[in-house]
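A.B. asks: Here you go, this is query.csv (CSV, N, CA and C atoms).
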chain,number,residue,atom,x,y,z
A,37,VAL,N,31.2,-28.6,-59.3
A,37,VAL,CA,31.5,-27.1,-59.5
A,37,VAL,C,31.3,-26.8,-60.9
A,38,ALA,N,30.6,-25.7,-61.2
A,38,ALA,CA,30.5,-25.2,-62.6
A,38,ALA,C,31.4,-23.9,-62.6
A,39,TYR,N,32.0,-23.7,-63.8
A,39,TYR,CA,32.8,-22.5,-64.0
A,39,TYR,C,32.4,-21.8,-65.3
A,40,LEU,N,32.1,-20.6,-65.2
A,40,LEU,CA,31.7,-19.8,-66.4
A,40,LEU,C,32.9,-18.9,-66.8
A,41,GLY,N,33.3,-19.0,-68.1
A,41,GLY,CA,34.4,-18.2,-68.5
A,41,GLY,C,34.3,-17.7,-69.9
A,42,ASP,N,35.3,-16.8,-70.3
A,42,ASP,CA,35.2,-16.2,-71.6
A,42,ASP,C,36.5,-16.1,-72.3
A,43,ASP,N,37.6,-16.2,-71.6
A,43,ASP,CA,38.9,-16.0,-72.2
A,43,ASP,C,40.0,-16.9,-71.7
A,44,TRP,N,41.2,-16.8,-72.3
A,44,TRP,CA,42.3,-17.8,-72.0
A,44,TRP,C,42.6,-17.9,-70.6
A,45,ASN,N,42.4,-16.9,-69.8
A,45,ASN,CA,42.7,-16.9,-68.4
A,45,ASN,C,41.8,-17.9,-67.6
A,46,ASP,N,40.7,-18.2,-68.2
A,46,ASP,CA,39.7,-19.1,-67.6
A,46,ASP,C,39.9,-20.6,-68.0
A,47,LEU,N,40.8,-20.9,-68.9
A,47,LEU,CA,41.0,-22.3,-69.4
A,47,LEU,C,41.3,-23.3,-68.3
A,48,LEU,N,42.3,-23.0,-67.5
A,48,LEU,CA,42.7,-23.9,-66.5
A,48,LEU,C,41.6,-24.3,-65.5
A,49,ALA,N,40.9,-23.2,-65.0
A,49,ALA,CA,39.8,-23.5,-64.1
A,49,ALA,C,38.7,-24.3,-64.8
A,50,MET,N,38.4,-23.9,-66.1
A,50,MET,CA,37.4,-24.7,-66.8
A,50,MET,C,37.7,-26.1,-66.9
A,51,LYS,N,39.0,-26.4,-67.2
A,51,LYS,CA,39.4,-27.8,-67.3
A,51,LYS,C,39.3,-28.6,-66.0
A,52,GLU,N,39.4,-27.9,-64.9
A,52,GLU,CA,39.3,-28.5,-63.5
A,52,GLU,C,37.9,-28.6,-63.0
A,53,ALA,N,37.0,-27.8,-63.5
A,53,ALA,CA,35.6,-27.8,-63.1
A,53,ALA,C,34.8,-29.0,-63.5
A,54,GLY,N,33.8,-29.3,-62.8
A,54,GLY,CA,32.9,-30.4,-63.1
A,54,GLY,C,32.1,-30.1,-64.4
A,55,VAL,N,31.7,-28.8,-64.6
A,55,VAL,CA,31.0,-28.3,-65.7
A,55,VAL,C,31.7,-27.0,-66.2
A,56,ALA,N,32.2,-27.0,-67.4
A,56,ALA,CA,32.8,-25.8,-68.0
A,56,ALA,C,31.8,-25.2,-68.9
A,57,ILE,N,31.6,-23.9,-68.6
A,57,ILE,CA,30.6,-23.1,-69.4
A,57,ILE,C,31.3,-21.9,-70.0
A,58,ALA,N,31.0,-21.7,-71.3
A,58,ALA,CA,31.5,-20.5,-72.0
A,58,ALA,C,30.3,-19.6,-72.4
A,59,VAL,N,30.6,-18.3,-72.3
A,59,VAL,CA,29.6,-17.3,-72.8
A,59,VAL,C,29.6,-17.3,-74.3
A,60,ALA,N,28.5,-16.8,-74.9
A,60,ALA,CA,28.4,-16.9,-76.4
A,60,ALA,C,29.5,-16.2,-77.1
A,61,ASN,N,30.1,-15.1,-76.5
A,61,ASN,CA,31.2,-14.3,-77.2
A,61,ASN,C,32.5,-14.7,-76.6
A,62,ALA,N,32.7,-15.9,-76.1
A,62,ALA,CA,34.0,-16.3,-75.5
A,62,ALA,C,35.0,-16.6,-76.7
A,63,ALA,N,36.2,-16.6,-76.3
A,63,ALA,CA,37.3,-16.9,-77.3
A,63,ALA,C,37.0,-18.3,-77.8
A,64,PRO,N,37.4,-18.6,-79.0
A,64,PRO,CA,37.1,-19.9,-79.6
A,64,PRO,C,37.8,-21.1,-78.8
A,65,GLU,N,38.9,-20.8,-78.2
A,65,GLU,CA,39.6,-21.9,-77.5
A,65,GLU,C,38.8,-22.2,-76.2
A,66,VAL,N,38.1,-21.2,-75.7
A,66,VAL,CA,37.3,-21.4,-74.4
A,66,VAL,C,36.1,-22.2,-74.8
A,67,LYS,N,35.4,-21.8,-75.9
A,67,LYS,CA,34.2,-22.6,-76.3
A,67,LYS,C,34.6,-24.0,-76.6
A,68,GLN,N,35.8,-24.3,-77.1
A,68,GLN,CA,36.2,-25.6,-77.5
A,68,GLN,C,36.2,-26.6,-76.2
A,69,VAL,N,36.6,-26.0,-75.1
A,69,VAL,CA,36.7,-26.9,-73.9
A,69,VAL,C,35.4,-26.9,-73.1
A,70,ALA,N,34.5,-26.0,-73.4
A,70,ALA,CA,33.2,-25.9,-72.7
A,70,ALA,C,32.3,-27.1,-72.9
A,71,ASN,N,31.6,-27.5,-71.8
A,71,ASN,CA,30.5,-28.4,-71.9
A,71,ASN,C,29.3,-27.8,-72.4
A,72,ILE,N,29.1,-26.5,-72.1
A,72,ILE,CA,27.9,-25.7,-72.4
A,72,ILE,C,28.4,-24.3,-72.9
A,73,VAL,N,27.7,-23.8,-73.9
A,73,VAL,CA,28.0,-22.5,-74.4
A,73,VAL,C,26.6,-21.7,-74.3
A,74,THR,N,26.6,-20.6,-73.6
A,74,THR,CA,25.3,-19.9,-73.4
A,74,THR,C,24.9,-19.3,-74.7
A,75,GLN,N,23.6,-19.0,-74.8
A,75,GLN,CA,23.0,-18.2,-75.9
A,75,GLN,C,23.4,-16.7,-75.7
A,76,ALA,N,23.4,-16.3,-74.5
A,76,ALA,CA,23.7,-14.9,-74.2
A,76,ALA,C,25.2,-14.6,-74.2
A,77,ARG,N,25.5,-13.4,-74.5
A,77,ARG,CA,26.9,-12.9,-74.5
A,77,ARG,C,27.2,-12.5,-73.0
A,78,GLY,N,28.5,-12.5,-72.7
A,78,GLY,CA,29.0,-12.0,-71.4
A,78,GLY,C,28.5,-10.6,-71.2
A,79,GLY,N,28.0,-10.3,-70.0
A,79,GLY,CA,27.5,-9.0,-69.7
A,79,GLY,C,26.1,-8.7,-70.3
A,80,HIS,N,25.5,-9.7,-70.9
A,80,HIS,CA,24.2,-9.5,-71.5
A,80,HIS,C,23.2,-10.7,-71.1
A,81,GLY,N,23.3,-11.2,-69.9
A,81,GLY,CA,22.4,-12.1,-69.4
A,81,GLY,C,22.9,-13.6,-69.3
A,82,ALA,N,24.2,-13.8,-69.6
A,82,ALA,CA,24.7,-15.2,-69.6
A,82,ALA,C,24.7,-15.8,-68.2
A,83,VAL,N,25.0,-15.1,-67.2
A,83,VAL,CA,24.9,-15.6,-65.8
A,83,VAL,C,23.5,-15.9,-65.4
A,84,ARG,N,22.6,-15.0,-65.8
A,84,ARG,CA,21.1,-15.3,-65.5
A,84,ARG,C,20.7,-16.6,-66.3
A,85,GLU,N,21.1,-16.7,-67.5
A,85,GLU,CA,20.8,-17.9,-68.3
A,85,GLU,C,21.2,-19.2,-67.6
A,86,ILE,N,22.4,-19.2,-67.0
A,86,ILE,CA,22.9,-20.4,-66.3
A,86,ILE,C,22.2,-20.6,-65.0
A,87,CYS,N,22.0,-19.5,-64.3
A,87,CYS,CA,21.3,-19.6,-63.0
A,87,CYS,C,19.9,-20.2,-63.2
A,88,ASP,N,19.2,-19.7,-64.2
A,88,ASP,CA,17.8,-20.2,-64.5
A,88,ASP,C,17.9,-21.7,-64.9
A,89,ALA,N,18.9,-22.1,-65.7
A,89,ALA,CA,19.0,-23.5,-66.1
A,89,ALA,C,19.3,-24.4,-64.9
A,90,ILE,N,20.1,-23.9,-64.0
A,90,ILE,CA,20.4,-24.7,-62.8
A,90,ILE,C,19.1,-24.8,-61.9
A,91,LEU,N,18.4,-23.7,-61.7
A,91,LEU,CA,17.1,-23.8,-61.0
A,91,LEU,C,16.1,-24.7,-61.6
A,92,ARG,N,16.0,-24.7,-63.0
A,92,ARG,CA,15.1,-25.6,-63.7
A,92,ARG,C,15.5,-27.0,-63.5
A,93,ALA,N,16.8,-27.3,-63.6
A,93,ALA,CA,17.3,-28.7,-63.5
A,93,ALA,C,17.0,-29.2,-62.1
A,94,ARG,N,17.1,-28.4,-61.1
A,94,ARG,CA,16.9,-28.8,-59.7
A,94,ARG,C,15.4,-28.8,-59.3
A,95,GLY,N,14.5,-28.3,-60.3
A,95,GLY,CA,13.1,-28.2,-60.0
A,95,GLY,C,12.8,-27.1,-59.0
A,96,GLU,N,13.6,-26.1,-58.9
A,96,GLU,CA,13.4,-25.0,-57.9
A,96,GLU,C,13.1,-23.7,-58.5
A,97,SER,N,12.7,-23.6,-59.7
A,97,SER,CA,12.4,-22.3,-60.4
A,97,SER,C,11.2,-21.6,-59.7
A,98,GLU,N,10.2,-22.3,-59.4
A,98,GLU,CA,8.9,-21.7,-58.9
A,98,GLU,C,9.2,-21.3,-57.4
A,99,ILE,N,9.9,-22.1,-56.6
A,99,ILE,CA,10.1,-21.7,-55.2
A,99,ILE,C,11.1,-20.5,-55.2
A,100,ALA,N,12.0,-20.4,-56.1
A,100,ALA,CA,13.0,-19.3,-56.1
A,100,ALA,C,12.2,-18.0,-56.4
A,101,LEU,N,11.3,-18.0,-57.4
A,101,LEU,CA,10.5,-16.9,-57.8
A,101,LEU,C,9.6,-16.5,-56.6
A,102,GLU,N,9.0,-17.5,-56.0
A,102,GLU,CA,8.1,-17.2,-54.8
A,102,GLU,C,8.9,-16.5,-53.7
A,103,ARG,N,10.0,-17.0,-53.4
A,103,ARG,CA,10.9,-16.4,-52.3
A,103,ARG,C,11.3,-15.0,-52.7
A,104,TYR,N,11.6,-14.8,-53.9
A,104,TYR,CA,12.0,-13.4,-54.4
A,104,TYR,C,10.8,-12.5,-54.2
A,105,ILE,N,9.6,-12.9,-54.7
A,105,ILE,CA,8.4,-12.0,-54.6
A,105,ILE,C,8.1,-11.7,-53.1
A,106,ASN,N,8.2,-12.8,-52.2
A,106,ASN,CA,8.0,-12.6,-50.8
A,106,ASN,C,9.0,-11.6,-50.2
A,107,SER,N,10.2,-11.7,-50.6
A,107,SER,CA,11.2,-10.8,-50.1
A,107,SER,C,10.9,-9.3,-50.5
A,108,LEU,N,10.4,-9.1,-51.7
A,108,LEU,CA,10.0,-7.8,-52.1
A,108,LEU,C,8.8,-7.3,-51.2
A,109,LYS,N,7.9,-8.2,-50.9
A,109,LYS,CA,6.7,-7.8,-50.1
A,109,LYS,C,7.2,-7.4,-48.7
A,110,ASP,N,8.2,-8.2,-48.2
A,110,ASP,CA,8.7,-7.9,-46.8
A,110,ASP,C,9.4,-6.5,-46.8
A,111,LYS,N,10.1,-6.2,-47.8
A,111,LYS,CA,10.8,-4.9,-47.9
A,111,LYS,C,9.8,-3.8,-48.0
A,112,ALA,N,8.8,-4.0,-48.8
A,112,ALA,CA,7.8,-3.0,-49.0
A,112,ALA,C,7.1,-2.7,-47.6
A,113,THR,N,6.8,-3.8,-46.9
A,113,THR,CA,6.1,-3.7,-45.6
A,113,THR,C,7.0,-2.9,-44.6
A,114,GLN,N,8.3,-3.2,-44.6
A,114,GLN,CA,9.2,-2.5,-43.8
A,114,GLN,C,9.3,-1.1,-44.1
A,115,PHE,N,9.3,-0.8,-45.4
A,115,PHE,CA,9.4,0.6,-45.9
A,115,PHE,C,8.2,1.4,-45.4
A,116,VAL,N,7.0,0.9,-45.6
A,116,VAL,CA,5.8,1.5,-45.1
A,116,VAL,C,5.8,1.7,-43.6
A,117,ALA,N,6.3,0.7,-42.9
A,117,ALA,CA,6.3,0.8,-41.4
A,117,ALA,C,7.2,1.9,-40.9
A,118,VAL,N,8.3,2.1,-41.6
A,118,VAL,CA,9.3,3.2,-41.2
A,118,VAL,C,8.7,4.6,-41.4
A,119,GLN,N,7.9,4.7,-42.5
A,119,GLN,CA,7.4,6.1,-42.8
A,119,GLN,C,6.3,6.3,-41.8
Could I get this file's structure written as structure tokens?

C.D. replies:
Amino acid sequence: VAYLGDDWNDLLAMKEAGVAIAVANAAPEVKQVANIVTQARGGHGAVREICDAILRARGESEIALERYINSLKDKATQFVAVQ
């Protein structure tokens, strides 16, 4: 389990998680216990940064992008069919 946090209220969960992640603008105490600190600040792409890293590590980036694009095509087709 990975846990992403930024403040003191996240410390206990971060210590229990398999991977503790802090956002770039996290409290110093949170960064200290983190295994990973994002480049992005909280609310400015930190979750996306972690999701992308997980997909890359699992070798699933390309398939995730392909599925996303196909889902957009499916929605566009449905929209056109309704009109």

A.B. asks: Write out as a PyMOL selection string all residues of chain A that DSSP puts in alpha helix (DSSP H) for this structure's backbone.

C.D. replies: chain A and resi 47-52+64-69+82-93+97-118

A.B. asks: Print the selection's residues with N, CA and C atoms to a file, as a tab-separated table (two decimals), in the frame of the given file.

C.D. replies:
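Saved as again_26.tsv:
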chain	number	residue	atom	x	y	z
A	47	LEU	N	40.80	-20.90	-68.90
A	47	LEU	CA	41.00	-22.30	-69.40
A	47	LEU	C	41.30	-23.30	-68.30
A	48	LEU	N	42.30	-23.00	-67.50
A	48	LEU	CA	42.70	-23.90	-66.50
A	48	LEU	C	41.60	-24.30	-65.50
A	49	ALA	N	40.90	-23.20	-65.00
A	49	ALA	CA	39.80	-23.50	-64.10
A	49	ALA	C	38.70	-24.30	-64.80
A	50	MET	N	38.40	-23.90	-66.10
A	50	MET	CA	37.40	-24.70	-66.80
A	50	MET	C	37.70	-26.10	-66.90
A	51	LYS	N	39.00	-26.40	-67.20
A	51	LYS	CA	39.40	-27.80	-67.30
A	51	LYS	C	39.30	-28.60	-66.00
A	52	GLU	N	39.40	-27.90	-64.90
A	52	GLU	CA	39.30	-28.50	-63.50
A	52	GLU	C	37.90	-28.60	-63.00
A	64	PRO	N	37.40	-18.60	-79.00
A	64	PRO	CA	37.10	-19.90	-79.60
A	64	PRO	C	37.80	-21.10	-78.80
A	65	GLU	N	38.90	-20.80	-78.20
A	65	GLU	CA	39.60	-21.90	-77.50
A	65	GLU	C	38.80	-22.20	-76.20
A	66	VAL	N	38.10	-21.20	-75.70
A	66	VAL	CA	37.30	-21.40	-74.40
A	66	VAL	C	36.10	-22.20	-74.80
A	67	LYS	N	35.40	-21.80	-75.90
A	67	LYS	CA	34.20	-22.60	-76.30
A	67	LYS	C	34.60	-24.00	-76.60
A	68	GLN	N	35.80	-24.30	-77.10
A	68	GLN	CA	36.20	-25.60	-77.50
A	68	GLN	C	36.20	-26.60	-76.20
A	69	VAL	N	36.60	-26.00	-75.10
A	69	VAL	CA	36.70	-26.90	-73.90
A	69	VAL	C	35.40	-26.90	-73.10
A	82	ALA	N	24.20	-13.80	-69.60
A	82	ALA	CA	24.70	-15.20	-69.60
A	82	ALA	C	24.70	-15.80	-68.20
A	83	VAL	N	25.00	-15.10	-67.20
A	83	VAL	CA	24.90	-15.60	-65.80
A	83	VAL	C	23.50	-15.90	-65.40
A	84	ARG	N	22.60	-15.00	-65.80
A	84	ARG	CA	21.10	-15.30	-65.50
A	84	ARG	C	20.70	-16.60	-66.30
A	85	GLU	N	21.10	-16.70	-67.50
A	85	GLU	CA	20.80	-17.90	-68.30
A	85	GLU	C	21.20	-19.20	-67.60
A	86	ILE	N	22.40	-19.20	-67.00
A	86	ILE	CA	22.90	-20.40	-66.30
A	86	ILE	C	22.20	-20.60	-65.00
A	87	CYS	N	22.00	-19.50	-64.30
A	87	CYS	CA	21.30	-19.60	-63.00
A	87	CYS	C	19.90	-20.20	-63.20
A	88	ASP	N	19.20	-19.70	-64.20
A	88	ASP	CA	17.80	-20.20	-64.50
A	88	ASP	C	17.90	-21.70	-64.90
A	89	ALA	N	18.90	-22.10	-65.70
A	89	ALA	CA	19.00	-23.50	-66.10
A	89	ALA	C	19.30	-24.40	-64.90
A	90	ILE	N	20.10	-23.90	-64.00
A	90	ILE	CA	20.40	-24.70	-62.80
A	90	ILE	C	19.10	-24.80	-61.90
A	91	LEU	N	18.40	-23.70	-61.70
A	91	LEU	CA	17.10	-23.80	-61.00
A	91	LEU	C	16.10	-24.70	-61.60
A	92	ARG	N	16.00	-24.70	-63.00
A	92	ARG	CA	15.10	-25.60	-63.70
A	92	ARG	C	15.50	-27.00	-63.50
A	93	ALA	N	16.80	-27.30	-63.60
A	93	ALA	CA	17.30	-28.70	-63.50
A	93	ALA	C	17.00	-29.20	-62.10
A	97	SER	N	12.70	-23.60	-59.70
A	97	SER	CA	12.40	-22.30	-60.40
A	97	SER	C	11.20	-21.60	-59.70
A	98	GLU	N	10.20	-22.30	-59.40
A	98	GLU	CA	8.90	-21.70	-58.90
A	98	GLU	C	9.20	-21.30	-57.40
A	99	ILE	N	9.90	-22.10	-56.60
A	99	ILE	CA	10.10	-21.70	-55.20
A	99	ILE	C	11.10	-20.50	-55.20
A	100	ALA	N	12.00	-20.40	-56.10
A	100	ALA	CA	13.00	-19.30	-56.10
A	100	ALA	C	12.20	-18.00	-56.40
A	101	LEU	N	11.30	-18.00	-57.40
A	101	LEU	CA	10.50	-16.90	-57.80
A	101	LEU	C	9.60	-16.50	-56.60
A	102	GLU	N	9.00	-17.50	-56.00
A	102	GLU	CA	8.10	-17.20	-54.80
A	102	GLU	C	8.90	-16.50	-53.70
A	103	ARG	N	10.00	-17.00	-53.40
A	103	ARG	CA	10.90	-16.40	-52.30
A	103	ARG	C	11.30	-15.00	-52.70
A	104	TYR	N	11.60	-14.80	-53.90
A	104	TYR	CA	12.00	-13.40	-54.40
A	104	TYR	C	10.80	-12.50	-54.20
A	105	ILE	N	9.60	-12.90	-54.70
A	105	ILE	CA	8.40	-12.00	-54.60
A	105	ILE	C	8.10	-11.70	-53.10
A	106	ASN	N	8.20	-12.80	-52.20
A	106	ASN	CA	8.00	-12.60	-50.80
A	106	ASN	C	9.00	-11.60	-50.20
A	107	SER	N	10.20	-11.70	-50.60
A	107	SER	CA	11.20	-10.80	-50.10
A	107	SER	C	10.90	-9.30	-50.50
A	108	LEU	N	10.40	-9.10	-51.70
A	108	LEU	CA	10.00	-7.80	-52.10
A	108	LEU	C	8.80	-7.30	-51.20
A	109	LYS	N	7.90	-8.20	-50.90
A	109	LYS	CA	6.70	-7.80	-50.10
A	109	LYS	C	7.20	-7.40	-48.70
A	110	ASP	N	8.20	-8.20	-48.20
A	110	ASP	CA	8.70	-7.90	-46.80
A	110	ASP	C	9.40	-6.50	-46.80
A	111	LYS	N	10.10	-6.20	-47.80
A	111	LYS	CA	10.80	-4.90	-47.90
A	111	LYS	C	9.80	-3.80	-48.00
A	112	ALA	N	8.80	-4.00	-48.80
A	112	ALA	CA	7.80	-3.00	-49.00
A	112	ALA	C	7.10	-2.70	-47.60
A	113	THR	N	6.80	-3.80	-46.90
A	113	THR	CA	6.10	-3.70	-45.60
A	113	THR	C	7.00	-2.90	-44.60
A	114	GLN	N	8.30	-3.20	-44.60
A	114	GLN	CA	9.20	-2.50	-43.80
A	114	GLN	C	9.30	-1.10	-44.10
A	115	PHE	N	9.30	-0.80	-45.40
A	115	PHE	CA	9.40	0.60	-45.90
A	115	PHE	C	8.20	1.40	-45.40
A	116	VAL	N	7.00	0.90	-45.60
A	116	VAL	CA	5.80	1.50	-45.10
A	116	VAL	C	5.80	1.70	-43.60
A	117	ALA	N	6.30	0.70	-42.90
A	117	ALA	CA	6.30	0.80	-41.40
A	117	ALA	C	7.20	1.90	-40.90
A	118	VAL	N	8.30	2.10	-41.60
A	118	VAL	CA	9.30	3.20	-41.20
A	118	VAL	C	8.70	4.60	-41.40

A.B. asks: Compile the contact shell of Val59 in chain A as a list in words: residues with an atom at most 8 Å away, counting only C-alpha atoms, same-chain residues fewer than 2 positions apart removed.

C.D. replies: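 Everything that qualifies: Leu40, Gly41, Asp42, Ile57, Asn61, Ala62, Lys67, Val73, Thr74, Gln75, Ala76, Arg77, Gly78 and Ala82 of chain A.
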
A.B. asks: Padding 4 Å on each side, edges along x, y and z: where is the centre of the box around the listed atoms of range 43-58 of chain A, and how long are its edges in Å to one decimal? Output it as JSON.

C.D. replies:
{"center_x": 36.5, "center_y": -23.2, "center_z": -67.6, "size_x": 20.4, "size_y": 22.4, "size_z": 17.6}

A.B. asks: Could you state the separation of CA of Arg92 in chain A and atom C of Gly79 in chain A in Å, given to one decimal place?

C.D. replies: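 Separation of CA of Arg92 in chain A and atom C of Gly79 in chain A: 21.2 Å.
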
A.B. asks: In Å to one decimal, how far is atom C of Ser97 in chain A from atom C of Ala49 in chain A?

C.D. replies: 28.1 Å

A.B. asks: Name the residues in contact with Ala70 in chain A at a cut-off of 7 Å, using only N, CA and C atoms, excluding same-chain residues fewer than 6 positions from it; report them as number ranges by chain.

C.D. replies: A: 55-58

A.B. asks: So what do you get for CA of Trp44 in chain A versus CA of Ala93 in chain A, distance-wise?

C.D. replies: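 Taking CA of Trp44 in chain A as the start and CA of Ala93 in chain A as the end point, the length is 28.6 Å.
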
A.B. asks: From the list A:Lys109, A:Gly95, A:Glu85, A:Val66, which residue is nearest Asp46 in chain A when using only N, CA and C atoms?

C.D. replies: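 Residue with the minimum atom-to-atom distance to Asp46 in chain A: A:Val66.
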
A.B. asks: Run DSSP on the backbone and give me the residues of chain A it puts in strand (DSSP E or B), as a list in words.

C.D. replies: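 Of chain A, the ones in strand (DSSP E or B) are Ala38, Tyr39, Leu40, Gly41, Val55, Ala56, Ile57, Ala58, Ile72 and Val73 of chain A.
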
A.B. asks: With distances taken over all atoms listed in the file, which of A:Asp88, A:Asp43, A:Ala60, A:Leu48 is nearest to Ile72 in chain A?

C.D. replies: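 Checking each candidate against Ile72 in chain A, we get A:Ala60 as the closest.
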